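Peer 1: mmCIF, C-alpha atoms, saved as input03.cif, coming up:
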```cif
data_model
loop_
_atom_site.label_atom_id
_atom_site.label_comp_id
_atom_site.auth_asym_id
_atom_site.auth_seq_id
_atom_site.Cartn_x
_atom_site.Cartn_y
_atom_site.Cartn_z
CA MET A 1 16.55 -24.74 -44.03
CA ASP A 2 20.20 -25.67 -44.22
CA LEU A 3 20.76 -25.47 -40.48
CA ARG A 4 22.63 -28.30 -38.77
CA SER A 5 23.28 -27.41 -35.16
CA LEU A 6 23.96 -24.75 -32.60
CA THR A 7 26.76 -25.36 -30.14
CA ALA A 8 27.78 -23.22 -27.20
CA GLU A 9 30.81 -24.05 -25.09
CA ASN A 10 31.80 -22.81 -21.65
CA LEU A 11 29.92 -19.53 -21.86
CA THR A 12 30.46 -17.04 -19.10
CA CYS A 13 28.30 -13.98 -18.66
CA ILE A 14 29.19 -10.99 -16.51
CA ARG A 15 26.79 -8.07 -16.31
CA GLY A 16 27.23 -4.93 -14.29
CA GLY A 17 30.35 -6.49 -12.72
CA ARG A 18 28.32 -9.43 -11.42
CA LEU A 19 28.75 -13.02 -12.55
CA VAL A 20 25.45 -14.20 -14.03
CA PHE A 21 26.49 -17.68 -15.13
CA ARG A 22 29.67 -19.56 -15.96
CA ASP A 23 30.67 -22.60 -17.99
CA VAL A 24 27.32 -23.04 -19.67
CA SER A 25 27.48 -25.43 -22.62
CA LEU A 26 24.69 -26.61 -24.83
CA ARG A 27 24.11 -28.31 -28.12
CA VAL A 28 20.93 -28.32 -30.23
CA GLU A 29 20.49 -30.16 -33.50
CA ALA A 30 18.25 -29.04 -36.33
CA GLY A 31 14.67 -30.02 -35.59
CA GLN A 32 15.06 -29.83 -31.81
CA VAL A 33 13.57 -27.58 -29.19
CA LEU A 34 15.65 -26.51 -26.22
CA ALA A 35 13.91 -25.29 -23.10
CA LEU A 36 16.01 -23.00 -20.91
CA GLU A 37 14.94 -23.23 -17.32
CA GLY A 38 16.10 -21.43 -14.25
CA ALA A 39 15.01 -19.12 -11.47
CA ASN A 40 14.47 -15.40 -12.03
CA GLY A 41 17.82 -13.77 -12.62
CA ALA A 42 19.53 -17.03 -13.58
CA GLY A 43 20.49 -15.50 -16.91
CA LYS A 44 17.98 -16.98 -19.36
CA THR A 45 17.44 -13.73 -21.21
CA SER A 46 21.17 -12.93 -21.13
CA LEU A 47 21.94 -16.30 -22.70
CA LEU A 48 19.36 -15.69 -25.43
CA ARG A 49 20.82 -12.24 -26.12
CA MET A 50 24.26 -13.83 -26.27
CA ILE A 51 23.13 -16.38 -28.84
CA ALA A 52 21.42 -13.61 -30.85
CA GLY A 53 24.75 -11.77 -30.92
CA PHE A 54 23.66 -8.71 -28.93
CA LEU A 55 25.89 -9.61 -26.02
CA ALA A 56 29.46 -10.85 -26.39
CA PRO A 57 30.30 -13.70 -24.00
CA GLU A 58 33.00 -12.97 -21.45
CA SER A 59 34.52 -16.29 -22.42
CA GLY A 60 33.45 -19.31 -24.46
CA THR A 61 32.27 -19.79 -28.03
CA ILE A 62 29.00 -20.10 -29.90
CA THR A 63 28.95 -21.86 -33.26
CA LEU A 64 26.06 -22.10 -35.65
CA LYS A 65 26.64 -24.89 -38.15
CA SER A 66 24.87 -25.02 -41.47
CA ASP A 67 25.41 -26.98 -44.69
CA SER A 68 27.26 -24.10 -46.30
CA LYS A 69 29.45 -22.87 -43.43
CA ASP A 70 30.05 -22.45 -39.72
CA VAL A 71 29.17 -19.10 -38.25
CA HIS A 72 31.09 -17.87 -35.19
CA ASP A 73 30.52 -14.13 -35.49
CA GLY A 74 27.71 -12.78 -33.34
CA GLU A 75 26.36 -10.24 -35.80
CA GLU A 76 26.34 -12.72 -38.67
CA ARG A 77 24.57 -15.28 -36.46
CA GLY A 78 21.98 -12.65 -35.65
CA LYS A 79 20.98 -12.48 -39.31
CA ARG A 80 19.60 -16.03 -38.91
CA VAL A 81 17.75 -15.40 -35.70
CA GLY A 82 14.02 -15.05 -35.32
CA TRP A 83 13.52 -13.07 -32.11
CA LEU A 84 10.55 -13.18 -29.79
CA GLY A 85 11.49 -11.01 -26.83
CA HIS A 86 9.46 -10.30 -23.73
CA ALA A 87 8.58 -6.95 -25.34
CA ASP A 88 6.37 -7.44 -28.38
CA ALA A 89 7.81 -4.93 -30.86
CA ALA A 90 4.34 -3.50 -31.49
CA LYS A 91 4.05 0.28 -31.86
CA PRO A 92 1.00 1.63 -30.01
CA GLN A 93 0.14 3.90 -32.96
CA MET A 94 0.43 1.20 -35.62
CA THR A 95 -2.13 -1.44 -36.51
CA PRO A 96 -1.21 -5.15 -36.63
CA ARG A 97 -1.43 -4.99 -40.40
CA GLU A 98 0.99 -2.04 -40.64
CA THR A 99 3.35 -3.64 -38.13
CA LEU A 100 3.55 -6.92 -40.05
CA ARG A 101 3.83 -5.14 -43.39
CA PHE A 102 6.71 -3.10 -41.98
CA PHE A 103 8.67 -6.09 -40.67
CA ALA A 104 8.01 -8.07 -43.85
CA ASP A 105 9.56 -5.17 -45.81
CA ILE A 106 12.53 -4.90 -43.47
CA TYR A 107 13.18 -8.64 -43.50
CA CYS A 108 12.64 -8.75 -47.30
CA VAL A 109 10.18 -11.62 -47.02
CA PRO A 110 7.18 -12.07 -49.27
CA GLY A 111 4.01 -13.33 -47.65
CA ASP A 112 0.41 -12.51 -47.26
CA ILE A 113 -0.05 -10.27 -44.23
CA ASP A 114 -3.76 -11.03 -43.86
CA VAL A 115 -3.18 -14.78 -43.97
CA ALA A 116 -0.49 -14.43 -41.30
CA LEU A 117 -2.88 -12.43 -39.12
CA ASP A 118 -5.71 -14.91 -39.66
CA ALA A 119 -3.40 -17.71 -38.56
CA VAL A 120 -2.92 -16.14 -35.12
CA GLY A 121 -6.55 -15.14 -34.69
CA LEU A 122 -6.10 -11.41 -35.24
CA THR A 123 -8.53 -11.09 -38.14
CA ARG A 124 -10.90 -8.74 -36.33
CA PRO A 125 -8.48 -6.26 -34.73
CA ARG A 126 -6.10 -6.12 -37.67
CA ASP A 127 -6.84 -2.45 -38.40
CA LEU A 128 -6.96 -1.39 -34.77
CA PRO A 129 -3.95 0.56 -33.38
CA ALA A 130 -1.93 -1.74 -31.15
CA GLN A 131 -2.53 0.43 -28.09
CA TYR A 132 -6.04 -1.04 -27.98
CA LEU A 133 -4.81 -4.64 -28.16
CA SER A 134 -4.50 -6.82 -25.06
CA ALA A 135 -1.14 -8.22 -23.96
CA GLY A 136 -2.14 -11.62 -25.34
CA GLN A 137 -3.14 -10.15 -28.70
CA LYS A 138 0.21 -8.36 -28.94
CA LYS A 139 1.98 -11.63 -28.21
CA ARG A 140 -0.03 -13.23 -31.02
CA LEU A 141 1.07 -10.43 -33.31
CA ALA A 142 4.69 -11.11 -32.32
CA LEU A 143 4.17 -14.81 -33.11
CA ALA A 144 2.82 -13.90 -36.55
CA ARG A 145 5.88 -11.71 -37.13
CA LEU A 146 8.24 -14.46 -35.98
CA LYS A 147 6.73 -16.93 -38.39
CA LEU A 148 6.52 -14.49 -41.29
CA CYS A 149 10.20 -13.53 -41.01
CA GLY A 150 11.15 -17.13 -41.68
CA ARG A 151 14.43 -17.30 -39.75
CA PRO A 152 15.92 -20.76 -39.05
CA LEU A 153 16.98 -20.16 -35.42
CA TRP A 154 14.15 -19.08 -33.13
CA LEU A 155 15.02 -17.49 -29.80
CA LEU A 156 11.96 -17.18 -27.61
CA ASP A 157 11.84 -15.32 -24.31
CA GLU A 158 8.77 -16.46 -22.38
CA PRO A 159 6.81 -17.28 -25.54
CA LEU A 160 3.73 -18.33 -23.60
CA ALA A 161 3.43 -15.29 -21.33
CA ALA A 162 0.06 -13.52 -21.50
CA LEU A 163 -1.39 -16.07 -23.94
CA ASP A 164 -4.67 -17.88 -23.30
CA ALA A 165 -5.05 -21.67 -23.67
CA ASP A 166 -5.73 -21.33 -27.40
CA GLY A 167 -2.76 -19.03 -27.83
CA LYS A 168 -0.46 -21.40 -25.96
CA ALA A 169 -1.52 -24.26 -28.21
CA LEU A 170 -0.94 -22.02 -31.20
CA ALA A 171 2.58 -21.10 -30.04
CA ALA A 172 3.39 -24.77 -29.45
CA GLN A 173 2.06 -25.63 -32.88
CA PHE A 174 4.21 -22.92 -34.50
CA ILE A 175 7.31 -24.21 -32.73
CA ARG A 176 6.52 -27.81 -33.71
CA GLN A 177 6.04 -26.85 -37.37
CA HIS A 178 9.22 -24.77 -37.33
CA CYS A 179 11.28 -27.68 -36.00
CA ALA A 180 9.62 -30.20 -38.30
CA ALA A 181 10.88 -28.02 -41.17
CA GLY A 182 14.44 -28.34 -39.86
CA GLY A 183 14.62 -25.25 -37.67
CA ILE A 184 15.91 -24.85 -34.15
CA ALA A 185 13.99 -23.25 -31.30
CA ILE A 186 15.40 -22.19 -27.95
CA ALA A 187 12.82 -21.05 -25.44
CA ALA A 188 13.32 -19.51 -22.01
CA THR A 189 10.21 -20.45 -20.13
CA HIS A 190 8.69 -21.31 -16.77
CA GLU A 191 5.79 -23.15 -18.35
CA GLN A 192 5.43 -26.45 -20.16
CA LEU A 193 5.52 -25.94 -23.90
CA GLY A 194 3.51 -29.11 -24.46
CA ILE A 195 6.03 -30.47 -26.95
CA GLU A 196 9.04 -32.70 -26.68
CA VAL A 197 12.02 -30.64 -25.57
CA ILE A 198 15.56 -30.95 -24.31
CA ARG A 199 15.88 -29.21 -20.98
CA ILE A 200 18.78 -27.26 -19.66
CA GLN A 201 18.86 -25.75 -16.20
CA LEU A 202 20.68 -22.50 -15.49
CA ALA A 203 21.81 -22.48 -11.87
CA MET B 1 16.64 -0.01 -50.51
CA SER B 2 13.02 -0.89 -49.89
CA ALA B 3 13.92 -1.54 -46.23
CA PHE B 4 15.38 1.96 -46.07
CA PHE B 5 12.15 3.50 -47.35
CA ALA B 6 10.09 1.26 -45.08
CA VAL B 7 11.87 2.69 -42.02
CA LEU B 8 11.72 6.21 -43.44
CA SER B 9 7.99 6.13 -44.12
CA ARG B 10 7.21 4.40 -40.82
CA ASP B 11 9.13 7.00 -38.82
CA ILE B 12 7.51 9.89 -40.68
CA ARG B 13 4.09 8.34 -40.07
CA LEU B 14 4.82 7.81 -36.37
CA ALA B 15 6.14 11.35 -35.99
CA THR B 16 3.05 12.90 -37.53
CA ARG B 17 0.53 10.71 -35.69
CA ALA B 18 -0.72 11.36 -32.17
CA GLY B 19 2.17 11.64 -29.71
CA GLY B 20 4.73 11.81 -32.48
CA GLY B 21 6.12 15.24 -31.70
CA ALA B 22 6.55 16.66 -35.21
CA PHE B 23 3.84 19.27 -34.74
CA LEU B 24 5.05 19.94 -31.23
CA ALA B 25 8.44 20.99 -32.63
CA LEU B 26 6.78 23.35 -35.11
CA ALA B 27 4.54 24.87 -32.44
CA PHE B 28 7.52 25.34 -30.12
CA PHE B 29 9.52 27.03 -32.87
CA ALA B 30 6.61 29.35 -33.65
CA ALA B 31 6.10 30.16 -29.97
CA VAL B 32 9.76 31.05 -29.39
CA ALA B 33 9.91 33.16 -32.55
CA THR B 34 6.73 34.96 -31.53
CA LEU B 35 7.79 35.69 -27.96
CA VAL B 36 11.21 37.16 -28.72
CA PRO B 37 9.92 40.21 -30.69
CA LEU B 38 7.39 40.78 -27.90
CA GLY B 39 10.19 40.83 -25.36
CA VAL B 40 12.68 42.84 -27.38
CA GLY B 41 10.24 45.53 -28.45
CA SER B 42 9.53 47.27 -31.70
CA ASP B 43 13.02 48.36 -32.71
CA LEU B 44 12.89 46.95 -36.24
CA GLN B 45 16.58 47.43 -36.90
CA LEU B 46 17.52 45.52 -33.77
CA LEU B 47 15.04 42.76 -34.58
CA ALA B 48 16.36 42.37 -38.09
CA ARG B 49 19.87 42.12 -36.72
CA ILE B 50 19.07 39.36 -34.19
CA ALA B 51 16.58 37.49 -36.40
CA GLY B 52 19.11 35.06 -37.81
CA GLY B 53 20.47 34.06 -34.42
CA VAL B 54 17.11 33.80 -32.71
CA LEU B 55 15.51 31.74 -35.48
CA TRP B 56 18.52 29.44 -35.59
CA VAL B 57 18.56 28.86 -31.83
CA GLY B 58 14.78 28.37 -31.88
CA ALA B 59 15.04 25.82 -34.66
CA ILE B 60 17.73 23.85 -32.83
CA LEU B 61 15.79 23.81 -29.55
CA ALA B 62 12.66 22.72 -31.41
CA ALA B 63 14.52 19.90 -33.13
CA LEU B 64 15.96 18.80 -29.77
CA LEU B 65 12.47 18.28 -28.38
CA SER B 66 11.79 15.19 -30.47
CA LEU B 67 15.29 13.69 -30.33
CA ASP B 68 14.57 11.40 -27.40
CA ARG B 69 11.81 9.85 -29.51
CA LEU B 70 14.33 8.82 -32.17
CA PHE B 71 15.39 5.46 -30.74
CA GLN B 72 13.98 5.25 -27.22
CA PRO B 73 10.47 4.02 -28.10
CA ASP B 74 11.93 1.36 -30.40
CA PHE B 75 14.33 0.32 -27.64
CA GLU B 76 11.61 0.10 -25.00
CA ASP B 77 9.03 -1.81 -27.01
CA GLY B 78 11.53 -4.32 -28.38
CA SER B 79 11.35 -3.10 -32.00
CA LEU B 80 15.04 -2.22 -31.97
CA ASP B 81 16.01 -5.83 -31.18
CA VAL B 82 13.97 -7.08 -34.11
CA LEU B 83 15.31 -4.34 -36.40
CA ALA B 84 18.91 -5.05 -35.35
CA LEU B 85 18.53 -8.71 -36.37
CA SER B 86 17.07 -7.82 -39.78
CA PRO B 87 19.15 -7.94 -42.97
CA MET B 88 19.36 -4.16 -42.80
CA PRO B 89 22.70 -2.95 -41.34
CA LEU B 90 22.36 -0.78 -38.23
CA GLU B 91 24.19 1.98 -40.13
CA ALA B 92 21.45 2.06 -42.78
CA LEU B 93 18.78 1.96 -40.08
CA SER B 94 20.43 4.93 -38.33
CA PHE B 95 20.65 6.86 -41.57
CA ALA B 96 16.99 6.23 -42.40
CA LYS B 97 16.00 7.44 -38.94
CA ILE B 98 18.18 10.55 -39.24
CA VAL B 99 16.59 11.39 -42.60
CA ALA B 100 13.10 10.84 -41.19
CA HIS B 101 13.90 13.06 -38.20
CA TRP B 102 15.22 15.76 -40.50
CA ILE B 103 12.14 15.68 -42.73
CA THR B 104 9.74 15.92 -39.80
CA THR B 105 11.69 18.61 -37.92
CA GLY B 106 14.49 20.34 -39.89
CA LEU B 107 12.72 20.50 -43.23
CA ALA B 108 9.39 21.45 -41.65
CA LEU B 109 11.07 24.22 -39.61
CA THR B 110 12.83 25.48 -42.74
CA ILE B 111 9.52 25.78 -44.56
CA LEU B 112 7.93 27.57 -41.60
CA SER B 113 10.85 29.98 -41.09
CA PRO B 114 9.98 32.66 -43.73
CA ILE B 115 6.62 33.21 -42.03
CA LEU B 116 8.35 33.74 -38.70
CA GLY B 117 10.85 36.01 -40.42
CA LEU B 118 7.96 38.44 -40.90
CA LEU B 119 7.72 38.88 -37.13
CA PHE B 120 11.27 40.18 -37.11
CA GLY B 121 10.79 42.54 -40.01
CA LEU B 122 13.48 40.62 -41.84
CA PRO B 123 14.76 42.62 -44.86
CA ARG B 124 13.78 41.11 -48.18
CA GLN B 125 17.31 40.07 -49.16
CA GLU B 126 17.64 37.99 -45.98
CA TYR B 127 14.83 35.50 -46.58
CA MET B 128 16.79 33.48 -49.08
CA PRO B 129 19.92 33.13 -46.87
CA LEU B 130 17.71 32.20 -43.90
CA VAL B 131 15.91 29.42 -45.76
CA ILE B 132 19.06 28.15 -47.44
CA SER B 133 21.09 28.15 -44.21
CA LEU B 134 18.34 26.27 -42.36
CA ALA B 135 17.97 23.77 -45.20
CA ILE B 136 21.71 23.13 -45.27
CA GLY B 137 22.35 23.26 -41.53
CA THR B 138 19.45 21.37 -39.96
CA PRO B 139 20.65 17.94 -41.24
CA ALA B 140 23.63 18.44 -38.91
CA VAL B 141 21.21 18.91 -36.01
CA SER B 142 19.49 15.59 -36.73
CA ALA B 143 22.81 13.85 -37.36
CA ILE B 144 24.53 14.99 -34.16
CA GLY B 145 21.28 14.52 -32.28
CA ALA B 146 21.09 10.91 -33.44
CA ILE B 147 24.51 10.14 -31.97
CA ALA B 148 23.45 11.57 -28.62
CA ALA B 149 20.08 9.78 -28.79
CA GLY B 150 21.90 6.52 -29.46
CA LEU B 151 24.28 7.05 -26.55
CA THR B 152 21.57 7.96 -24.03
CA LEU B 153 19.22 5.23 -25.19
CA SER B 154 19.20 3.09 -22.09
CA ILE B 155 19.24 5.97 -19.62
CA ARG B 156 15.90 6.67 -18.02
CA ARG B 157 14.92 10.26 -18.75
CA GLY B 158 17.88 10.38 -21.13
CA GLY B 159 16.19 13.27 -22.86
CA LEU B 160 17.29 15.53 -20.03
CA ILE B 161 21.00 15.07 -20.66
CA LEU B 162 20.64 15.05 -24.45
CA PRO B 163 20.95 18.86 -24.77
CA PHE B 164 24.22 18.83 -22.82
CA ILE B 165 25.76 16.47 -25.36
CA VAL B 166 24.19 18.03 -28.43
CA LEU B 167 24.31 21.78 -27.87
CA PRO B 168 28.11 22.23 -27.56
CA LEU B 169 28.60 20.19 -30.72
CA LEU B 170 26.08 22.36 -32.54
CA ALA B 171 27.90 25.62 -31.80
CA PRO B 172 29.47 25.71 -35.31
CA VAL B 173 26.03 25.31 -36.87
CA VAL B 174 24.65 28.29 -34.95
CA ILE B 175 27.70 30.43 -35.68
CA PHE B 176 27.78 29.77 -39.42
CA GLY B 177 24.00 29.55 -39.82
CA ALA B 178 23.28 32.84 -38.08
CA SER B 179 26.17 34.69 -39.71
CA ALA B 180 25.01 33.53 -43.14
CA VAL B 181 21.79 35.43 -42.42
CA THR B 182 23.26 38.54 -40.79
CA GLY B 183 26.05 38.71 -43.36
CA ALA B 184 23.42 39.24 -46.00
CA VAL B 185 22.07 42.29 -44.10
CA GLU B 186 25.41 43.93 -43.94
CA GLY B 187 25.94 43.13 -47.59
CA LEU B 188 29.31 41.62 -46.86
CA PRO B 189 30.34 38.46 -48.66
CA ASN B 190 31.30 35.71 -46.23
CA GLY B 191 32.01 32.02 -46.41
CA ALA B 192 29.46 31.10 -43.74
CA LEU B 193 27.17 29.12 -46.03
CA GLY B 194 30.10 27.18 -47.46
CA LEU B 195 31.45 26.33 -44.01
CA LEU B 196 27.96 25.40 -42.83
CA ALA B 197 27.53 23.07 -45.80
CA ALA B 198 30.92 21.45 -45.18
CA PHE B 199 30.22 20.90 -41.48
CA SER B 200 26.73 19.59 -42.14
CA PHE B 201 27.92 17.21 -44.84
CA ALA B 202 30.75 15.84 -42.72
CA VAL B 203 28.68 15.12 -39.60
CA THR B 204 25.85 13.62 -41.66
CA VAL B 205 28.26 11.19 -43.29
CA ILE B 206 29.95 10.22 -40.02
CA SER B 207 26.94 10.10 -37.75
CA SER B 208 25.27 6.96 -39.17
CA PHE B 209 28.35 4.96 -38.25
CA VAL B 210 28.79 6.51 -34.82
CA THR B 211 25.08 6.13 -34.07
CA ALA B 212 25.16 2.47 -35.11
CA ALA B 213 28.12 1.89 -32.77
CA ALA B 214 26.21 3.57 -29.93
CA LEU B 215 23.18 1.38 -30.64
CA ARG B 216 25.33 -1.80 -30.52
CA LEU B 217 26.68 -0.70 -27.17
CA ASN B 218 23.19 -0.29 -25.78
CA LEU B 219 21.80 -3.49 -27.26
CA ALA B 220 24.56 -5.35 -25.41
CA GLY B 221 23.75 -3.62 -22.13
#
```
What would you get if you wrote out this structure as structure tokens?
Peer 2:
Amino acid sequence: MDLRSLTAENLTCIRGGRLVFRDVSLRVEAGQVLALEGANGAGKTSLLRMIAGFLAPESGTITLKSDSKDVHDGEERGKRVGWLGHADAAKPQMTPRETLRFFADIYCVPGDIDVALDAVGLTRPRDLPAQYLSAGQKKRLALARLKLCGRPLWLLDEPLAALDADGKALAAQFIRQHCAAGGIAIAATHEQLGIEVIRIQLA
Amino acid sequence: MSAFFAVLSRDIRLATRAGGGAFLALAFFAAVATLVPLGVGSDLQLLARIAGGVLWVGAILAALLSLDRLFQPDFEDGSLDVLALSPMPLEALSFAKIVAHWITTGLALTILSPILGLLFGLPRQEYMPLVISLAIGTPAVSAIGAIAAGLTLSIRRGGLILPFIVLPLLAPVVIFGASAVTGAVEGLPNGALGLLAAFSFAVTVISSFVTAAALRLNLAG
């Protein structure tokens, strides 16, 4: 991964005419994990959506530096983002295998779907429509998708929610491996990730 | 290109599986087309004259039924976020979804329409114009519908206001589509099919871009 750093300066977010946060700055280097903390409604998800390029900041700048160039444009930055939202992007009518196959095709990534499913412990229900999966199993499926898509900047919204102890360890392991390979991970979470992180508090 | 076909085949599969709505649209179309002759009575000449209009309106209403399923499920379950961040441009995603919607509704309704034409005692020379006008015109229904579906994405029960956005815009389709059919009865040459094709082509080209813009708006909100 040719990622160097992600810098955000003096971000202000206004939603529905209400100020969510102002003057938020952060800096993450390649290989680091940033934990976003803050009470409900502090704007953790909004900040993640801003970094992903969905939401334009009211003021301030976000810069993604890589070896080849600096990216300022939100949509272009989004093409480097691996997204793990609070919704799991699993269609009730589709099996984990079909879901992963679909996203692998869309993201133009090679990769063995069955191996990816084995890695998150979904070997048994891999041909079961997702409506029969538990919330934790769907989160595992989302983790498998995140890893398979191979994006350098991971944005994780409550990555540990609904996961059991094994699943939490698995998520932490994925994040550790991702950062060891030179990636960046930013996680909005209320729980301890169990890995070394930089913390930032949204007031 | 493979991403385009991945979206296309996924959407067709979802539409034809349980809860997808493709068969619902067909059943609705058949029900409307069956009830009208029962209500109007057995005046075959009258039925033949209104057949084009009734079948066209029925087809549009049937296609409307599944429009709120175009983007809303993807928006609610988070798939749209993941799709928006993929290498595929939102314009291409919109186009793939419009094509999938057309195949599962417009094309299916077109294929079903000659059978329903029987119920109206449609004269033999009218079957061809009916099928051709539906085949040419229904892409416009999916295309305009996609814009409205994109705009109403984040509105709860957005499906209820969809018709109010879509139906006025579809007036040209009904006018040209139905008159292409009735024109054939009267044996008069008219430019309805040509105008229908032009309208349909134009909105299909434009709508991917407008729909993508509407999706961006909603992803930010």
Peer 1: Can you check which parts of chain A lie within 6 Å of chain B? Per residue, the shortest pair of atoms and distance in Å to one decimal, counting only C-alpha atoms, sorted by chain and number, as CSV.
Peer 2:
```
residue,atom,partner,partner_atom,distance
A:Phe54,CA,B:Ala220,CA,4.9
A:Leu55,CA,B:Ala220,CA,4.5
A:Gly78,CA,B:Leu85,CA,5.3
A:Lys79,CA,B:Leu85,CA,5.4
A:Ala87,CA,B:Gly78,CA,5.0
A:Ala89,CA,B:Ser79,CA,4.1
A:Asp105,CA,B:Ala3,CA,5.7
A:Ile106,CA,B:Ala3,CA,4.6
A:Tyr107,CA,B:Ser86,CA,5.4
```
Peer 1: Just want the 7 Å neighbourhood of Arg4 in chain A, counted on all atoms listed in the file, with same-chain residues fewer than 3 positions away dropped. Output as a list in words.
Peer 2: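 In the requested form, the answer reads Glu29, Ala30, Lys65, Ser66 and Asp67 of chain A.
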Peer 1: Here is a test: counting all atoms listed in the file, which residue of A:Arg145, A:His72, A:His86, A:Lys44 is nearest to Ile113 in chain A?
Peer 2: A:Arg145
Peer 1: Got a sec to resolve the PyMOL selection byres ((chain B and resi 163) around 12) on this structure and send the residues as a PyMOL selection string?
Peer 2: chain B and resi 60-68+141+144-149+152+158-162+164-171
Peer 1: Evaluate the PyMOL selection byres ((chain B and resi 99) around 12) here and jot the selected residues down as a ChimeraX atom specification.
Peer 2: /B:4-5,7-12,70,92-98,100-107,138-143,145-146,204-205,207-208
Peer 1: What does the distance from CA of Gln45 in chain B to CA of Gly121 in chain B come to in Å, to one decimal?
Peer 2: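 Computed distance, CA of Gln45 in chain B to CA of Gly121 in chain B, equals 8.2 Å.
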Peer 1: Applying the PyMOL selection byres ((chain B and resi 26-42) around 7) to the file I just gave you, which residues come out? Please list them as a list in words.
Peer 2: Ala22, Phe23, Leu24, Ala25, Asp43, Leu44, Leu47, Leu55, Gly58, Ala59, Ala62, Leu109, Leu116, Leu119 and Phe120 of chain B
Peer 1: Give the answer as one residue: which of B:Val174, B:Ala214, B:Val131, B:Leu153 has the shortest atom-to-atom distance to Leu112 in chain B, using only C-alpha atoms?
Peer 2: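 Of B:Val174, B:Ala214, B:Val131, B:Leu153, the one nearest Leu112 in chain B, counting only C-alpha atoms, is B:Val131.
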Peer 1: For range 167-181 of chain A, supply N, CA and C atoms and report the output as an mmCIF file, in the frame of the given file.
Peer 2:
```cif
data_model
loop_
_atom_site.group_PDB
_atom_site.id
_atom_site.type_symbol
_atom_site.label_atom_id
_atom_site.label_comp_id
_atom_site.auth_asym_id
_atom_site.auth_seq_id
_atom_site.Cartn_x
_atom_site.Cartn_y
_atom_site.Cartn_z
ATOM 1 N N GLY A 167 -4.000 -19.672 -27.397
ATOM 2 C CA GLY A 167 -2.760 -19.030 -27.830
ATOM 3 C C GLY A 167 -1.551 -19.899 -27.524
ATOM 4 N N LYS A 168 -1.576 -20.535 -26.333
ATOM 5 C CA LYS A 168 -0.460 -21.400 -25.960
ATOM 6 C C LYS A 168 -0.356 -22.586 -26.920
ATOM 7 N N ALA A 169 -1.524 -23.141 -27.261
ATOM 8 C CA ALA A 169 -1.520 -24.260 -28.210
ATOM 9 C C ALA A 169 -0.989 -23.797 -29.562
ATOM 10 N N LEU A 170 -1.379 -22.588 -29.922
ATOM 11 C CA LEU A 170 -0.940 -22.020 -31.200
ATOM 12 C C LEU A 170 0.591 -21.846 -31.221
ATOM 13 N N ALA A 171 1.124 -21.298 -30.125
ATOM 14 C CA ALA A 171 2.580 -21.100 -30.040
ATOM 15 C C ALA A 171 3.292 -22.448 -30.142
ATOM 16 N N ALA A 172 2.774 -23.443 -29.411
ATOM 17 C CA ALA A 172 3.390 -24.770 -29.450
ATOM 18 C C ALA A 172 3.342 -25.352 -30.861
ATOM 19 N N GLN A 173 2.212 -25.119 -31.518
ATOM 20 C CA GLN A 173 2.060 -25.630 -32.880
ATOM 21 C C GLN A 173 3.064 -24.965 -33.831
ATOM 22 N N PHE A 174 3.234 -23.647 -33.676
ATOM 23 C CA PHE A 174 4.210 -22.920 -34.500
ATOM 24 C C PHE A 174 5.619 -23.483 -34.311
ATOM 25 N N ILE A 175 5.973 -23.712 -33.037
ATOM 26 C CA ILE A 175 7.310 -24.210 -32.730
ATOM 27 C C ILE A 175 7.491 -25.612 -33.318
ATOM 28 N N ARG A 176 6.448 -26.444 -33.170
ATOM 29 C CA ARG A 176 6.520 -27.810 -33.710
ATOM 30 C C ARG A 176 6.709 -27.770 -35.225
ATOM 31 N N GLN A 177 5.922 -26.950 -35.905
ATOM 32 C CA GLN A 177 6.040 -26.850 -37.370
ATOM 33 C C GLN A 177 7.421 -26.355 -37.783
ATOM 34 N N HIS A 178 7.917 -25.357 -37.032
ATOM 35 C CA HIS A 178 9.220 -24.770 -37.330
ATOM 36 C C HIS A 178 10.312 -25.833 -37.239
ATOM 37 N N CYS A 179 10.249 -26.663 -36.184
ATOM 38 C CA CYS A 179 11.280 -27.680 -36.000
ATOM 39 C C CYS A 179 11.116 -28.829 -36.977
ATOM 40 N N ALA A 180 9.861 -29.138 -37.315
ATOM 41 C CA ALA A 180 9.620 -30.200 -38.300
ATOM 42 C C ALA A 180 10.231 -29.804 -39.644
ATOM 43 N N ALA A 181 10.305 -28.499 -39.906
ATOM 44 C CA ALA A 181 10.880 -28.020 -41.170
ATOM 45 C C ALA A 181 12.396 -27.889 -41.087
#
```
